[in-house]
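Chemist: The following file, target-v3.txt, comprises compact mmCIF, N, CA and C atoms:
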# COMPACT_ATOMS: atom_id res chain seq x y z
N MET A 293 54.02 8.20 17.20
CA MET A 293 55.33 7.75 16.83
C MET A 293 55.24 6.78 15.65
N ARG A 294 54.24 5.92 15.75
CA ARG A 294 54.09 4.94 14.68
C ARG A 294 53.73 5.64 13.36
N ALA A 295 52.86 6.64 13.43
CA ALA A 295 52.48 7.38 12.21
C ALA A 295 53.69 8.08 11.61
N HIS A 296 54.55 8.64 12.45
CA HIS A 296 55.75 9.30 11.93
C HIS A 296 56.69 8.27 11.30
N TYR A 297 56.85 7.15 11.96
CA TYR A 297 57.72 6.11 11.42
C TYR A 297 57.23 5.61 10.06
N LEU A 298 55.92 5.39 9.94
CA LEU A 298 55.37 4.84 8.71
C LEU A 298 55.32 5.86 7.57
N THR A 299 55.04 7.12 7.90
CA THR A 299 54.86 8.12 6.84
C THR A 299 56.04 9.06 6.67
N GLY A 300 56.83 9.24 7.73
CA GLY A 300 57.92 10.21 7.67
C GLY A 300 57.43 11.65 7.74
N ASP A 301 56.13 11.83 7.96
CA ASP A 301 55.53 13.17 8.01
C ASP A 301 55.89 13.86 9.33
N ASP A 302 56.55 14.99 9.22
CA ASP A 302 57.01 15.71 10.41
C ASP A 302 55.88 16.26 11.27
N ARG A 303 54.68 16.34 10.74
CA ARG A 303 53.54 16.78 11.57
C ARG A 303 53.36 15.86 12.77
N PHE A 304 53.52 14.57 12.55
CA PHE A 304 53.34 13.60 13.63
C PHE A 304 54.47 13.72 14.65
N LEU A 305 55.68 13.96 14.19
CA LEU A 305 56.80 14.13 15.10
C LEU A 305 56.62 15.40 15.93
N ARG A 306 56.23 16.50 15.29
CA ARG A 306 56.01 17.75 16.03
C ARG A 306 54.90 17.58 17.06
N GLY A 307 53.84 16.86 16.70
CA GLY A 307 52.75 16.60 17.65
C GLY A 307 53.22 15.79 18.85
N ALA A 308 54.05 14.79 18.59
CA ALA A 308 54.57 13.97 19.69
C ALA A 308 55.48 14.79 20.60
N LEU A 309 56.30 15.62 20.01
CA LEU A 309 57.19 16.46 20.83
C LEU A 309 56.38 17.43 21.68
N ARG A 310 55.35 18.01 21.11
CA ARG A 310 54.49 18.91 21.90
C ARG A 310 53.79 18.16 23.03
N ALA A 311 53.38 16.93 22.75
CA ALA A 311 52.72 16.13 23.79
C ALA A 311 53.69 15.78 24.92
N CYS A 312 54.98 15.77 24.66
CA CYS A 312 55.98 15.45 25.67
C CYS A 312 56.36 16.65 26.53
N LEU A 313 55.95 17.84 26.14
CA LEU A 313 56.37 19.03 26.88
C LEU A 313 55.84 19.03 28.31
N PHE A 314 54.54 18.77 28.50
CA PHE A 314 53.97 18.81 29.85
C PHE A 314 54.63 17.79 30.77
N PRO A 315 54.67 16.50 30.41
CA PRO A 315 55.32 15.55 31.32
C PRO A 315 56.83 15.73 31.41
N GLY A 316 57.41 16.45 30.46
CA GLY A 316 58.85 16.69 30.47
C GLY A 316 59.26 17.90 31.29
N GLY A 317 58.31 18.57 31.93
CA GLY A 317 58.63 19.67 32.81
C GLY A 317 58.07 21.02 32.41
N ALA A 318 57.49 21.14 31.23
CA ALA A 318 56.89 22.41 30.80
C ALA A 318 55.44 22.45 31.29
N ASN A 319 55.28 22.58 32.59
CA ASN A 319 53.97 22.63 33.21
C ASN A 319 54.04 23.63 34.37
N PRO A 320 52.91 24.01 34.93
CA PRO A 320 52.93 25.03 35.99
C PRO A 320 53.80 24.68 37.20
N ASN A 321 54.04 23.41 37.45
CA ASN A 321 54.86 22.99 38.59
C ASN A 321 56.33 22.81 38.23
N ASN A 322 56.67 22.94 36.94
CA ASN A 322 58.04 22.64 36.47
C ASN A 322 58.47 21.25 36.94
N LEU A 323 57.55 20.32 36.90
CA LEU A 323 57.75 18.98 37.43
C LEU A 323 57.88 17.98 36.29
N VAL A 324 58.94 17.20 36.30
CA VAL A 324 59.12 16.14 35.31
C VAL A 324 58.45 14.89 35.85
N TYR A 325 57.62 14.25 35.04
CA TYR A 325 56.82 13.12 35.51
C TYR A 325 57.50 11.76 35.33
N THR A 326 58.82 11.74 35.27
CA THR A 326 59.58 10.49 35.26
C THR A 326 60.68 10.63 36.29
N SER A 327 60.76 9.70 37.21
CA SER A 327 61.71 9.81 38.31
C SER A 327 63.15 9.83 37.80
N GLY A 328 63.95 10.70 38.42
CA GLY A 328 65.37 10.78 38.09
C GLY A 328 65.70 11.58 36.85
N VAL A 329 64.71 12.18 36.21
CA VAL A 329 64.95 12.95 34.99
C VAL A 329 64.78 14.43 35.32
N GLY A 330 65.76 15.23 34.98
CA GLY A 330 65.67 16.65 35.24
C GLY A 330 65.97 16.99 36.68
N VAL A 331 65.73 18.24 37.04
CA VAL A 331 66.04 18.74 38.38
C VAL A 331 64.89 18.50 39.34
N ASN A 332 63.67 18.74 38.90
CA ASN A 332 62.49 18.63 39.75
C ASN A 332 61.61 17.50 39.22
N TYR A 333 61.79 16.31 39.71
CA TYR A 333 61.04 15.16 39.21
C TYR A 333 60.20 14.54 40.31
N VAL A 334 59.20 13.75 39.88
CA VAL A 334 58.30 13.10 40.84
C VAL A 334 59.04 12.02 41.61
N LYS A 335 58.54 11.75 42.80
CA LYS A 335 59.06 10.65 43.63
C LYS A 335 58.00 9.54 43.57
N ALA A 336 58.11 8.70 42.57
CA ALA A 336 57.11 7.66 42.37
C ALA A 336 57.05 6.72 43.56
N MET A 337 55.85 6.18 43.79
CA MET A 337 55.65 5.25 44.90
C MET A 337 56.30 3.92 44.56
N ASN A 338 57.34 3.58 45.28
CA ASN A 338 58.05 2.32 45.12
C ASN A 338 58.28 1.77 46.52
N MET A 339 57.55 0.75 46.87
CA MET A 339 57.57 0.26 48.25
C MET A 339 58.96 -0.22 48.69
N ASP A 340 59.73 -0.81 47.79
CA ASP A 340 61.08 -1.24 48.17
C ASP A 340 61.95 -0.05 48.55
N ALA A 341 61.88 1.02 47.75
CA ALA A 341 62.67 2.21 48.04
C ALA A 341 62.21 2.86 49.34
N ILE A 342 60.92 2.92 49.55
CA ILE A 342 60.39 3.53 50.78
C ILE A 342 60.83 2.73 52.01
N ALA A 343 60.74 1.42 51.93
CA ALA A 343 61.09 0.57 53.07
C ALA A 343 62.57 0.66 53.42
N THR A 344 63.42 0.90 52.43
CA THR A 344 64.86 0.96 52.68
C THR A 344 65.38 2.40 52.79
N GLY A 345 64.48 3.38 52.71
CA GLY A 345 64.88 4.78 52.85
C GLY A 345 65.63 5.32 51.65
N GLN A 346 65.41 4.75 50.50
CA GLN A 346 66.11 5.19 49.29
C GLN A 346 65.16 5.95 48.37
N LEU A 347 65.72 6.64 47.39
CA LEU A 347 64.91 7.24 46.35
C LEU A 347 64.42 6.14 45.42
N PRO A 348 63.29 6.35 44.76
CA PRO A 348 62.84 5.35 43.80
C PRO A 348 63.82 5.23 42.63
N PRO A 349 63.81 4.13 41.95
CA PRO A 349 64.70 3.97 40.80
C PRO A 349 64.43 5.03 39.73
N VAL A 350 65.42 5.32 38.95
CA VAL A 350 65.29 6.25 37.84
C VAL A 350 64.41 5.62 36.76
N GLY A 351 63.55 6.41 36.16
CA GLY A 351 62.77 5.96 35.02
C GLY A 351 61.34 5.55 35.30
N LEU A 352 60.86 5.70 36.54
CA LEU A 352 59.47 5.36 36.85
C LEU A 352 58.56 6.55 36.51
N THR A 353 57.49 6.28 35.81
CA THR A 353 56.53 7.32 35.47
C THR A 353 55.19 6.97 36.12
N PRO A 354 54.79 7.71 37.14
CA PRO A 354 53.53 7.41 37.83
C PRO A 354 52.32 7.95 37.07
N TYR A 355 51.17 7.69 37.63
CA TYR A 355 49.93 8.14 37.00
C TYR A 355 49.89 9.64 36.81
N GLY A 356 50.25 10.42 37.80
CA GLY A 356 50.26 11.87 37.65
C GLY A 356 49.02 12.54 38.20
N ASN A 357 48.74 13.71 37.69
CA ASN A 357 47.66 14.54 38.21
C ASN A 357 46.29 13.87 38.09
N VAL A 358 45.43 14.25 39.00
CA VAL A 358 44.05 13.75 39.01
C VAL A 358 43.11 14.95 39.04
N ASP A 359 42.06 14.87 38.29
CA ASP A 359 41.03 15.93 38.31
C ASP A 359 40.24 15.77 39.60
N LEU A 360 40.68 16.45 40.64
CA LEU A 360 40.08 16.29 41.95
C LEU A 360 38.63 16.78 42.01
N GLN A 361 38.29 17.75 41.17
CA GLN A 361 36.90 18.22 41.15
C GLN A 361 35.97 17.13 40.62
N HIS A 362 36.48 16.31 39.71
CA HIS A 362 35.69 15.20 39.17
C HIS A 362 35.60 14.05 40.17
N TRP A 363 36.69 13.80 40.91
CA TRP A 363 36.77 12.65 41.81
C TRP A 363 36.56 13.02 43.26
N HIS A 364 36.04 14.19 43.57
CA HIS A 364 35.98 14.68 44.95
C HIS A 364 35.25 13.79 45.93
N ASP A 365 34.33 12.96 45.45
CA ASP A 365 33.60 12.09 46.38
C ASP A 365 33.95 10.62 46.20
N ASN A 366 35.13 10.36 45.69
CA ASN A 366 35.56 9.00 45.43
C ASN A 366 36.61 8.58 46.45
N TRP A 367 36.90 7.31 46.51
CA TRP A 367 37.87 6.77 47.46
C TRP A 367 39.27 7.32 47.26
N ILE A 368 39.60 7.79 46.07
CA ILE A 368 40.99 8.21 45.81
C ILE A 368 41.40 9.46 46.56
N VAL A 369 40.48 10.16 47.17
CA VAL A 369 40.82 11.42 47.84
C VAL A 369 41.17 11.23 49.32
N TRP A 370 41.33 10.02 49.79
CA TRP A 370 41.61 9.81 51.21
C TRP A 370 42.83 10.58 51.73
N PRO A 371 43.91 10.78 50.94
CA PRO A 371 45.02 11.58 51.50
C PRO A 371 44.64 13.03 51.77
N ILE A 372 43.70 13.55 51.01
CA ILE A 372 43.25 14.91 51.26
C ILE A 372 42.51 14.94 52.59
N ASN A 373 41.63 13.99 52.80
CA ASN A 373 40.85 13.95 54.03
C ASN A 373 41.71 13.71 55.27
N TYR A 374 42.74 12.86 55.14
CA TYR A 374 43.53 12.48 56.31
C TYR A 374 44.85 13.24 56.50
N PHE A 375 45.41 13.77 55.40
CA PHE A 375 46.72 14.40 55.51
C PHE A 375 46.75 15.87 55.08
N LEU A 376 46.24 16.16 53.90
CA LEU A 376 46.32 17.54 53.40
C LEU A 376 45.29 18.44 54.06
N GLY A 377 44.04 18.00 54.00
CA GLY A 377 42.93 18.70 54.64
C GLY A 377 43.04 20.20 54.69
N LYS A 378 42.94 20.76 55.87
CA LYS A 378 42.95 22.21 56.04
C LYS A 378 44.35 22.82 55.89
N HIS A 379 45.38 21.99 55.81
CA HIS A 379 46.74 22.50 55.69
C HIS A 379 47.10 22.91 54.26
N CYS A 380 46.30 22.53 53.31
CA CYS A 380 46.57 22.83 51.91
C CYS A 380 45.86 24.13 51.53
N GLN A 381 46.64 25.10 51.09
CA GLN A 381 46.07 26.39 50.69
C GLN A 381 46.53 26.72 49.28
N PRO A 382 45.64 27.00 48.33
CA PRO A 382 44.19 26.87 48.46
C PRO A 382 43.81 25.41 48.71
N ALA A 383 42.56 25.20 49.02
CA ALA A 383 42.08 23.85 49.31
C ALA A 383 42.41 22.91 48.15
N ALA A 384 42.72 21.67 48.46
CA ALA A 384 43.15 20.70 47.45
C ALA A 384 42.16 20.59 46.29
N PHE A 385 40.88 20.65 46.60
CA PHE A 385 39.88 20.50 45.54
C PHE A 385 39.77 21.73 44.67
N ASP A 386 40.39 22.83 45.06
CA ASP A 386 40.33 24.07 44.27
C ASP A 386 41.48 24.22 43.29
N TRP A 387 42.47 23.34 43.36
CA TRP A 387 43.61 23.45 42.45
C TRP A 387 43.21 23.04 41.04
N PRO A 388 43.70 23.75 40.02
CA PRO A 388 43.47 23.29 38.64
C PRO A 388 44.15 21.94 38.44
N THR A 389 43.60 21.11 37.60
CA THR A 389 44.14 19.77 37.40
C THR A 389 45.62 19.81 37.01
N SER A 390 46.01 20.77 36.17
CA SER A 390 47.40 20.82 35.72
C SER A 390 48.37 21.13 36.86
N GLU A 391 47.87 21.62 37.98
CA GLU A 391 48.72 21.92 39.13
C GLU A 391 48.45 21.01 40.32
N ALA A 392 47.50 20.09 40.20
CA ALA A 392 47.06 19.28 41.33
C ALA A 392 47.87 17.99 41.46
N TYR A 393 49.18 18.14 41.60
CA TYR A 393 50.04 17.00 41.91
C TYR A 393 50.61 17.24 43.30
N PHE A 394 50.27 16.37 44.22
CA PHE A 394 50.73 16.51 45.60
C PHE A 394 51.71 15.38 45.87
N ASP A 395 52.89 15.73 46.31
CA ASP A 395 53.95 14.75 46.52
C ASP A 395 53.70 13.98 47.81
N ALA A 396 52.75 13.09 47.74
CA ALA A 396 52.43 12.20 48.86
C ALA A 396 52.75 10.79 48.38
N ARG A 397 53.88 10.26 48.75
CA ARG A 397 54.39 9.01 48.16
C ARG A 397 53.50 7.81 48.39
N PHE A 398 52.55 7.90 49.28
CA PHE A 398 51.66 6.77 49.51
C PHE A 398 50.30 6.97 48.86
N TRP A 399 50.18 7.88 47.93
CA TRP A 399 48.90 8.15 47.27
C TRP A 399 48.91 7.47 45.91
N PRO A 400 48.40 6.26 45.82
CA PRO A 400 48.47 5.51 44.56
C PRO A 400 47.86 6.24 43.36
N ALA A 401 46.80 6.99 43.57
CA ALA A 401 46.14 7.66 42.44
C ALA A 401 47.08 8.63 41.73
N LEU A 402 48.08 9.16 42.41
CA LEU A 402 49.02 10.09 41.81
C LEU A 402 50.40 9.49 41.61
N CYS A 403 50.88 8.76 42.59
CA CYS A 403 52.30 8.39 42.65
C CYS A 403 52.62 6.96 42.23
N GLU A 404 51.60 6.13 42.03
CA GLU A 404 51.88 4.75 41.66
C GLU A 404 52.20 4.67 40.17
N PHE A 405 53.12 3.81 39.82
CA PHE A 405 53.44 3.60 38.41
C PHE A 405 52.90 2.25 37.97
N CYS A 406 52.61 2.14 36.72
CA CYS A 406 52.08 0.91 36.16
C CYS A 406 52.70 0.73 34.77
N VAL A 407 53.33 -0.39 34.55
CA VAL A 407 54.07 -0.60 33.31
C VAL A 407 53.18 -0.45 32.08
N ASP A 408 51.98 -1.00 32.11
CA ASP A 408 51.16 -0.96 30.90
C ASP A 408 50.42 0.36 30.71
N GLN A 409 50.18 1.12 31.77
CA GLN A 409 49.39 2.34 31.62
C GLN A 409 50.22 3.62 31.62
N THR A 410 51.35 3.64 32.28
CA THR A 410 52.15 4.86 32.31
C THR A 410 53.53 4.64 31.74
N MET A 411 54.23 3.63 32.20
CA MET A 411 55.61 3.46 31.77
C MET A 411 55.73 2.94 30.35
N GLY A 412 54.85 2.04 29.92
CA GLY A 412 54.94 1.47 28.58
C GLY A 412 54.84 2.52 27.49
N PRO A 413 53.74 3.28 27.44
CA PRO A 413 53.62 4.32 26.42
C PRO A 413 54.72 5.38 26.54
N ASN A 414 55.07 5.74 27.76
CA ASN A 414 56.12 6.73 27.97
C ASN A 414 57.46 6.24 27.42
N ALA A 415 57.82 5.01 27.73
CA ALA A 415 59.08 4.44 27.23
C ALA A 415 59.07 4.33 25.71
N TYR A 416 57.94 4.01 25.14
CA TYR A 416 57.81 3.90 23.68
C TYR A 416 58.13 5.25 23.03
N VAL A 417 57.52 6.31 23.52
CA VAL A 417 57.72 7.63 22.93
C VAL A 417 59.15 8.12 23.16
N TRP A 418 59.61 8.09 24.42
CA TRP A 418 60.96 8.58 24.69
C TRP A 418 62.00 7.72 23.99
N GLY A 419 61.79 6.43 23.92
CA GLY A 419 62.72 5.56 23.20
C GLY A 419 62.77 5.88 21.72
N TYR A 420 61.62 6.10 21.12
CA TYR A 420 61.58 6.46 19.70
C TYR A 420 62.33 7.76 19.46
N LEU A 421 62.07 8.76 20.30
CA LEU A 421 62.73 10.05 20.13
C LEU A 421 64.24 9.92 20.34
N ALA A 422 64.66 9.12 21.30
CA ALA A 422 66.09 8.97 21.57
C ALA A 422 66.80 8.21 20.47
N ALA A 423 66.11 7.29 19.80
CA ALA A 423 66.74 6.46 18.78
C ALA A 423 66.83 7.11 17.41
N ARG A 424 66.19 8.27 17.26
CA ARG A 424 66.22 8.93 15.95
C ARG A 424 67.62 9.38 15.60
N LYS A 425 67.94 9.35 14.34
CA LYS A 425 69.26 9.78 13.88
C LYS A 425 69.35 11.29 13.88
Could you write out this file's structure as structure tokens?

Modeler:
Amino acid sequence: MRAHYLTGDDRFLRGALRACLFPGGANPNNLVYTSGVGVNYVKAMNMDAIATGQLPPVGLTPYGNVDLQHWHDNWIVWPINYFLGKHCQPAAFDWPTSEAYFDARFWPALCEFCVDQTMGPNAYVWGYLAARK
């Protein structure tokens, strides 16, 4: 975004738009990675919303997919061991990374949002695109 702003070169804008396609819903799951956007969006982990039985606020962007084949022996896979396990077909570790998003609201590795790592850059890009004339 900054390169487009400084140079006006449309190559940078086209690249940014293409980079927004996957999180914007053009992915194998047709899943939008910002809560409240589009028809099929993620349910980001928000403890206040969970405790009160509400949907998470609009605009939260969680971490997203995890390469489970890379992290298969790490602590982040506990929901697979305790919840998904044999009920997931194909097995959770066999899913391609682009499709390995499991809507388990208590799985921080997928569903937690972080202002500096997910929401900040996301808001910067979407804000820039929205503010263009």

Chemist: Once DSSP has gone over the backbone, tell me which residues of stretch 312-412 of chain A are in strand (DSSP E or B), as number ranges by chain.

Modeler: A: 324, 333, 337, 354, 404-405

Chemist: Just the residues within 12 Å of stretch 375-383 of chain A, please, counting only C-alpha atoms, with nothing from its chain fewer than 4 positions along; format it as a ChimeraX atom specification.

Modeler: /A:360-361,364,369-371,387-388,391-392,394-399

Chemist: Would you mind listing what lies within 5 Å of A:Glu404 as a VMD selection string, with only N, CA and C atoms counted and same-chain residues fewer than 4 positions away left out?

Modeler: chain A and resid 337 354 to 355 399 to 400

Chemist: From a backbone DSSP assignment, name each residue in chain A labelled helix (DSSP H, G or I), as an MDAnalysis selection string.

Modeler: chainID A and resid 294:299 302:313 339:344 367:379 384:386 389:391 400:403 407:423

Chemist: Can you work out the spacing between atom CA of A:Ser390 and atom C of A:His362 in Å, to one decimal?

Modeler: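 One can read the atom CA of A:Ser390 to atom C of A:His362 distance as 14.3 Å.
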
Chemist: Using only C-alpha atoms, which residue out of A:Cys403, A:Ala422, A:Ala343, A:Ala311 lies closest to A:Asn357?

Modeler: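 Under the stated criterion, the closest residue is A:Cys403.
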
Chemist: In Å, how far is it from atom C of A:Thr326 to atom C of A:Leu352?

Modeler: 4.6 Å

Chemist: So how many Å separate atom N of A:Tyr333 and atom N of A:Asn366, to one decimal?

Modeler: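 These two atoms are separated by 28.0 Å.
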
Chemist: Would you list the residues near (56.4, 14.9, 29.5), meaning any protein, DNA or RNA residue with an atom at most 10 Å from that point in file coordinates, counting only C-alpha atoms, as a list of chain:residue names?

Modeler: A:Leu309, A:Arg310, A:Ala311, A:Cys312, A:Leu313, A:Phe314, A:Pro315, A:Gly316, A:Gly317, A:Ala318, A:Asn319, A:Leu323, A:Val324, A:Tyr325, A:Thr326, A:Thr353, A:Asn414, A:Val417, A:Trp418

Chemist: Hey, which of A:Val329, A:Gln409, A:Trp363, A:Ile368 ends up closest to A:Pro349? Count only N, CA and C atoms.

Modeler: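 Under the stated criterion, the closest residue is A:Val329.
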
Chemist: Smallest atom-to-atom distance to A:Asn321: which of A:Ala336, A:Tyr393, A:Val358, A:Gly412, using only C-alpha atoms?

Modeler: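 Checking each candidate against A:Asn321, we get A:Tyr393 as the closest.
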
Chemist: With all atoms listed in the file as the basis for distance, which of A:Ala401, A:Ala308, A:Leu421, A:Ala341 is at the shortest distance from A:Gly356?

Modeler: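 The shortest atom-to-atom distance to A:Gly356 comes from A:Ala401.
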
Chemist: Each side padded by 3 Å, which centre and which edge lengths in Å (one decimal) define the axis-aligned box around the listed atoms of stretch 303-312 of chain A? Give them as AutoDock Vina command-line options.

Modeler:
--center_x 55.0 --center_y 16.3 --center_z 18.6 --size_x 10.5 --size_y 11.3 --size_z 21.8

Chemist: Pick out the closest residue to A:Phe385 from this set: A:Ile372, A:Met411, A:Leu298, A:Leu402. Count only C-alpha atoms.

Modeler: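 Ranked by minimum distance to A:Phe385, first place goes to A:Ile372.
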